[in-house]
There are 2 protein chains.
Amino acid sequence: MGKDLPVSPLAPASFPDLPTIEGVEFAAVQAGVRYAGRTDVMLARLAPGTTMAGTFTRSATRSAAVLDCQEKIGHSDTGGAAIIVNSGNANAFTGKNGADSTHAVTSAVAQELEIEENRVFSSSTGVIGEALPHERITAKLSELKQNLSADAIKEAAQAIMTTDTFPKGAGAEIEIDGQTVKIAGFAKGSGMVAPDMATMLVYIFTDAQADQKKLQKLLSKLTHVTFNCITVDSDTSTSDTLLLAATGASGVNVDGNAAFESALHQIMLDLAHQVVRDGEGATKFVEINVTGAASNTDARTHAMAIANSPLVKTAVAGEDPNWGRIVMAIGKSGAAADRDLLTIRFGDILVAENGWVAPSYNEQDGATYMKNQNLVIGVDLGLGDGQSTAWTCDLTHGYISINADYRS
Amino acid sequence: MGKDLPVSPLAPASFPDLPTIEGVEFAAVQAGVRYAGRTDVMLARLAPGTTMAGTFTRSATRSAAVLDCQEKIGHSDTGGAAIIVNSGNANAFTGKNGADSTHAVTSAVAQELEIEENRVFSSSTGVIGEALPHERITAKLSELKQNLSADAIKEAAQAIMTTDTFPKGAGAEIEIDGQTVKIAGFAKGSGMVAPDMATMLVYIFTDAQADQKKLQKLLSKLTHVTFNCITVDSDTSTSDTLLLAATGASGVNVDGNAAFESALHQIMLDLAHQVVRDGEGATKFVEINVTGAASNTDARTHAMAIANSPLVKTAVAGEDPNWGRIVMAIGKSGAAADRDLLTIRFGDILVAENGWVAPSYNEQDGATYMKNQNLVIGVDLGLGDGQSTAWTCDLTHGYISINADYRS
């Protein structure tokens with residue numbers, strides 16, 4: 001694959017210091033699935049007592065590993081568990097063979113770690129349509145087991161990168177009833193998807209204790225307002241996976257706990273934003289706040305129509321305060337809008353109101369604002385209380401170069 | 001706006017010779033609405049007896065001229081009529097002021113040509129959000145009237161261009177019961193929309209005689225399978241307008257006539273394809289044929305998901321036979337698909353079947369095929385009889401340059 005992309009200008013300064021989660025160990029290894037000279041398989045071992053929750057792509061052509069995870073995730077077993085992830089090959093659109101490869105990997109991990117196979121979750125990311133050389137992964141399981149360490153989370157984050165230009169991590173420590181609960185997670189992804197080279201994968205670990213059904217419900221709710229509100233290019237992966245493992249080692253039950261929900265929400269939002277900040281070719285990070293819509297669903301439809309519009313995204317790339325393109329995106333979204341009630345803001349600058357440009361608006365102010373690296377576009381529909389926020393990046397020559405100039 | 005774009009590599013060799021339609025005269029003039037040194041207003045005068053039909057954008061933020069046309073189009077009046085179109089200013093998102101400007105233009109045309117104002121149809125295309133200097137248009141009406149000529153259709157087609165790199169025309173002469181019926185039309189558009197500089201406008205004229213309701217029904221049906229099946233960038237204009245004028249001068253009634261329907265269909269398809277061939281930055285013309293879907297609606301959803309996918313379009317630009325991205329687009333479309341029943345073809349080349357790459361497929365054949373300027377991507381879902389075809393172009397550095405590098 002040999003792409004040597006410069007680190008995104010929107011990347012954080014460094015990988016964060018993450019808390020060590022009791023009950024979780026990580027290892028990474030060079031298995032040569034496709035890439036040479038870098039790690040490409042990571043293993044996470046989860047202690048007995050761990051509760052798992054997950055959310056997955058809704059693609060109709062989802063991959064074998066996703067289908068396998070979806071079958072296993074709903075069980076309330078809390079025995080020992082494991083997560084194994086390879087980069088370089090997505091094992092997607094590989095026919096019946098794909099399921100066989102996934103089974104070969106998860107059964108070998110179960111045997112190596114002496115746990116049940118239905119507690120081994122796997123993901124694969126990379127080239128689509130090629131058979132997964134699963135024997136290269138299973139050949140490394142004993143080395144992975146030997147290397148397991150509670151402190152290797154950054155190495156795990158690095159092993160799952162594909163077109164990512166930086167590893168993405170986030171964590172928190174919170175106090176609940178005088179006891180400490182820790183959360184740490186990592187993610188990969190640099191297109192909302194680029195199915196042959198990228199995919200969004202997210203793994204979050206906590207020492208909290210949780211009921212499986214309640215944890216799953218919380219995770220689904222928070223996914224809806226974090227990872228499901230970001231877009232790089234409107235394309236949807238065959239492999240998107242988010243797994244949350246609660247080891248219970250802290251002894252603190254977090255079912256229904258607001259502080260835990262808030263901390264988990266912040267970590268998911270942070271990781272989601274980092275995926276956008278590593279968007280292919282991105283030079284601007286854009287938040288789109290829609291308020292005053294007829295419903296939250298309508299607000300989300302408008303926000304995503306703006307966030308996915310190639311004309312809005314190229315205007316942002318060109319630092320062009322082209323609010324007409326925002327009006328266009330609202331008009332095409334299909335959700336309710338009344339031209340004469342629309343208000344549009346760039347940051348704090350009032351741009352348009354009452355169906356036309358605001359009398360106070362000055363094009364030079366708009367142009368100066370658009371030079372910022374982080375932008376906020378505000379839209380108020382003037383129709384009701386519905387609101388939604390989406391995050392996206394600009395559409396640049398870099399995106400075309402990564403996806404068109406390069407022949408896989 | 002001073003963009004001097006090279007003519008699209010996909011442009012036809014020349015503007016076609018179009019039949020002269022009895023009952024229609026054209027004129028074009030330099031009114032300086034925004035552009036200097038070129039024509040920017042065209043007038044078409046339609047003889048008494050003319051029946052009008054039209055289809056329009058479904059945008060919730062549609063322009064004043066579109067709203068005005070929609071109010072007028074359904075009447076079955078067949079008195080004298082007119083179409084007046086300006087480029088340079090879209091008169092869209094201009095508040096209550098927009099409707100006043102449209103009325104100023106259409107009432108002045110009605111007075112100049114001594115016809116009813118509810119028979120004057122107008123369109124405006126160009127910059128969004130700026131007041132239309134309608135007095136520059138009305139000042140030229142007497143000059144336009146003096147210049148009216150049955151042979152000035154190419155001049156009319158040129159006057160409505162914005163970012164278009166060539167004028168677009170198509171026509172036909174057909175025999176019905178031993179009598180000749182003529183059809184001629186022209187179009188503009190180079191993004192499915194770029195709301196500040198482009199919009200799709202189409203005007204078609206025939207000397208056929210037709211009932212208004214039947215003509216409208218036919219036009220709507222044919223729009224669904226022609227102009228509504230093309231996409232350049234998935235964005236939808238605030239101003240898209242298609243008007244069909246039947247002068248009746250031939251004395252041949254075409255209500256329910258299959259030959260007329262077929263000829264009109266071909267002309268609409270030809271003009272729709274020319275819009276795609278002038279797509280911003282386009283270097284490839286791509287037909288997407290979806291068959292075997294659960295329904296025609298599902299087939300259309302899949303076809304448009306493929307046609308709008310930035311990853312498919314950048315792969316085409318890069319001449320990359322990246323069928324994995326087609327699988328991805330099918331998976332995300334939301335319509336029914338079964339991975340293991342999918343068949344994908346590039347032209348006559350079988351690429352994938354039964355959920356995986358076809359055993360006979362050779363990557364080099366795919367790569368050679370993708371070097372063609374005109375491409376056909378075939379997808380069979382294997383689920384039913386639903387079918388649909390969409391047409392699009394590739395996504396290149398040229399699109400980014402036109403929409404991001406250039407500051408309006």
# chains A, B, ... in the order shown; residues from 1 in each chain; ligands from 1
>>> residues_around(residues="stretch 252-263 of chain A", least_positions_apart="2", cutoff="9 Å", atoms="only C-alpha atoms", output="count of residues only")
27
>>> closest_atom_pairs(of="chain A", to="chain B", cutoff="6 Å", atoms="only C-alpha atoms", output="CSV")
residue,atom,partner,partner_atom,distance
A:Ser59,CA,B:Gly331,CA,4.6
A:Ala60,CA,B:Gly331,CA,4.3
A:Thr61,CA,B:Gly331,CA,4.6
A:Phe93,CA,B:Trp356,CA,5.5
A:Thr94,CA,B:Trp356,CA,5.0
A:Gly95,CA,B:Gly355,CA,4.6
A:Ile128,CA,B:Gly324,CA,5.9
A:Thr236,CA,B:Lys332,CA,5.6
A:Thr314,CA,B:Ala404,CA,4.6
A:Ala315,CA,B:Ala404,CA,5.1
A:Ala317,CA,B:Ala404,CA,5.7
A:Gly318,CA,B:Ala404,CA,4.1
A:Asp320,CA,B:Arg407,CA,6.0
A:Gly324,CA,B:Ile128,CA,5.8
A:Gly331,CA,B:Ala60,CA,4.3
A:Lys332,CA,B:Ser59,CA,4.9
A:Arg339,CA,B:Thr61,CA,5.4
A:Gly355,CA,B:Gly95,CA,4.6
A:Trp356,CA,B:Thr94,CA,5.0
A:His397,CA,B:His397,CA,5.8
A:Asn403,CA,B:Thr314,CA,5.7
A:Ala404,CA,B:Gly318,CA,4.1
A:Asp405,CA,B:Gly318,CA,5.3
A:Arg407,CA,B:Asp320,CA,5.9
>>> residues_around(residues="A:Val276", least_positions_apart="6", cutoff="10 Å", atoms="only C-alpha atoms", output="ChimeraX atom specification")
/A:10-11,189-192,227,230-232,282,284-286,391-394
>>> select_by_dssp(residues="stretch 145-321 of chain B", states="alpha helix (DSSP H)", output="number ranges by chain")
B: 145-147, 153-159, 212-224, 258-277, 296-308, 310-317
>>> atom_distance(atom1="atom CA of A:Val376", atom2="atom CA of A:Asp348")
8.7 Å
>>> select_by_dssp(residues="stretch 77-114 of chain A", states="strand (DSSP E)", output="PyMOL selection string")
chain A and resi 81-89
>>> residues_around(residues="A:Ser388", least_positions_apart="3", cutoff="9 Å", atoms="only C-alpha atoms", output="count of residues only")
15
>>> closest_residue(among="B:Pro167, B:Ser123, B:Leu383, B:His224", to="B:Ala13", atoms="only C-alpha atoms")
B:Pro167
>>> closest_residue(among="B:Gly347, B:Gly79, B:Pro133, B:Pro9", to="B:Gly32", atoms="only C-alpha atoms")
B:Pro133
>>> closest_residue(among="B:Asp68, B:Asp17, B:Glu114, B:Asp278", to="B:Arg45", atoms="only C-alpha atoms")
B:Glu114
>>> atom_distance(atom1="atom CA of B:Val24", atom2="atom CA of B:Leu46")
4.9 Å
>>> closest_residue(among="B:Val351, B:Ala44, B:Gly74, B:Ser101", to="B:Tyr369", atoms="only C-alpha atoms")
B:Val351
>>> closest_residue(among="A:Ala90, A:Ser8, A:Tyr203, A:Ala184", to="A:Gln274", atoms="only C-alpha atoms")
A:Ser8
>>> atom_distance(atom1="atom CA of B:Ala47", atom2="atom CA of B:Gly88")
28.0 Å
>>> closest_residue(among="A:Leu5, A:Ala157, A:Leu148, A:Ala81", to="A:Thr39", atoms="only C-alpha atoms")
A:Ala157
>>> residues_around(residues="B:Leu243", least_positions_apart="5", cutoff="7 Å", atoms="only C-alpha atoms", output="list in words")
Ala53, Gly54, Thr55, Val202, Tyr203 and Ile204 of chain B
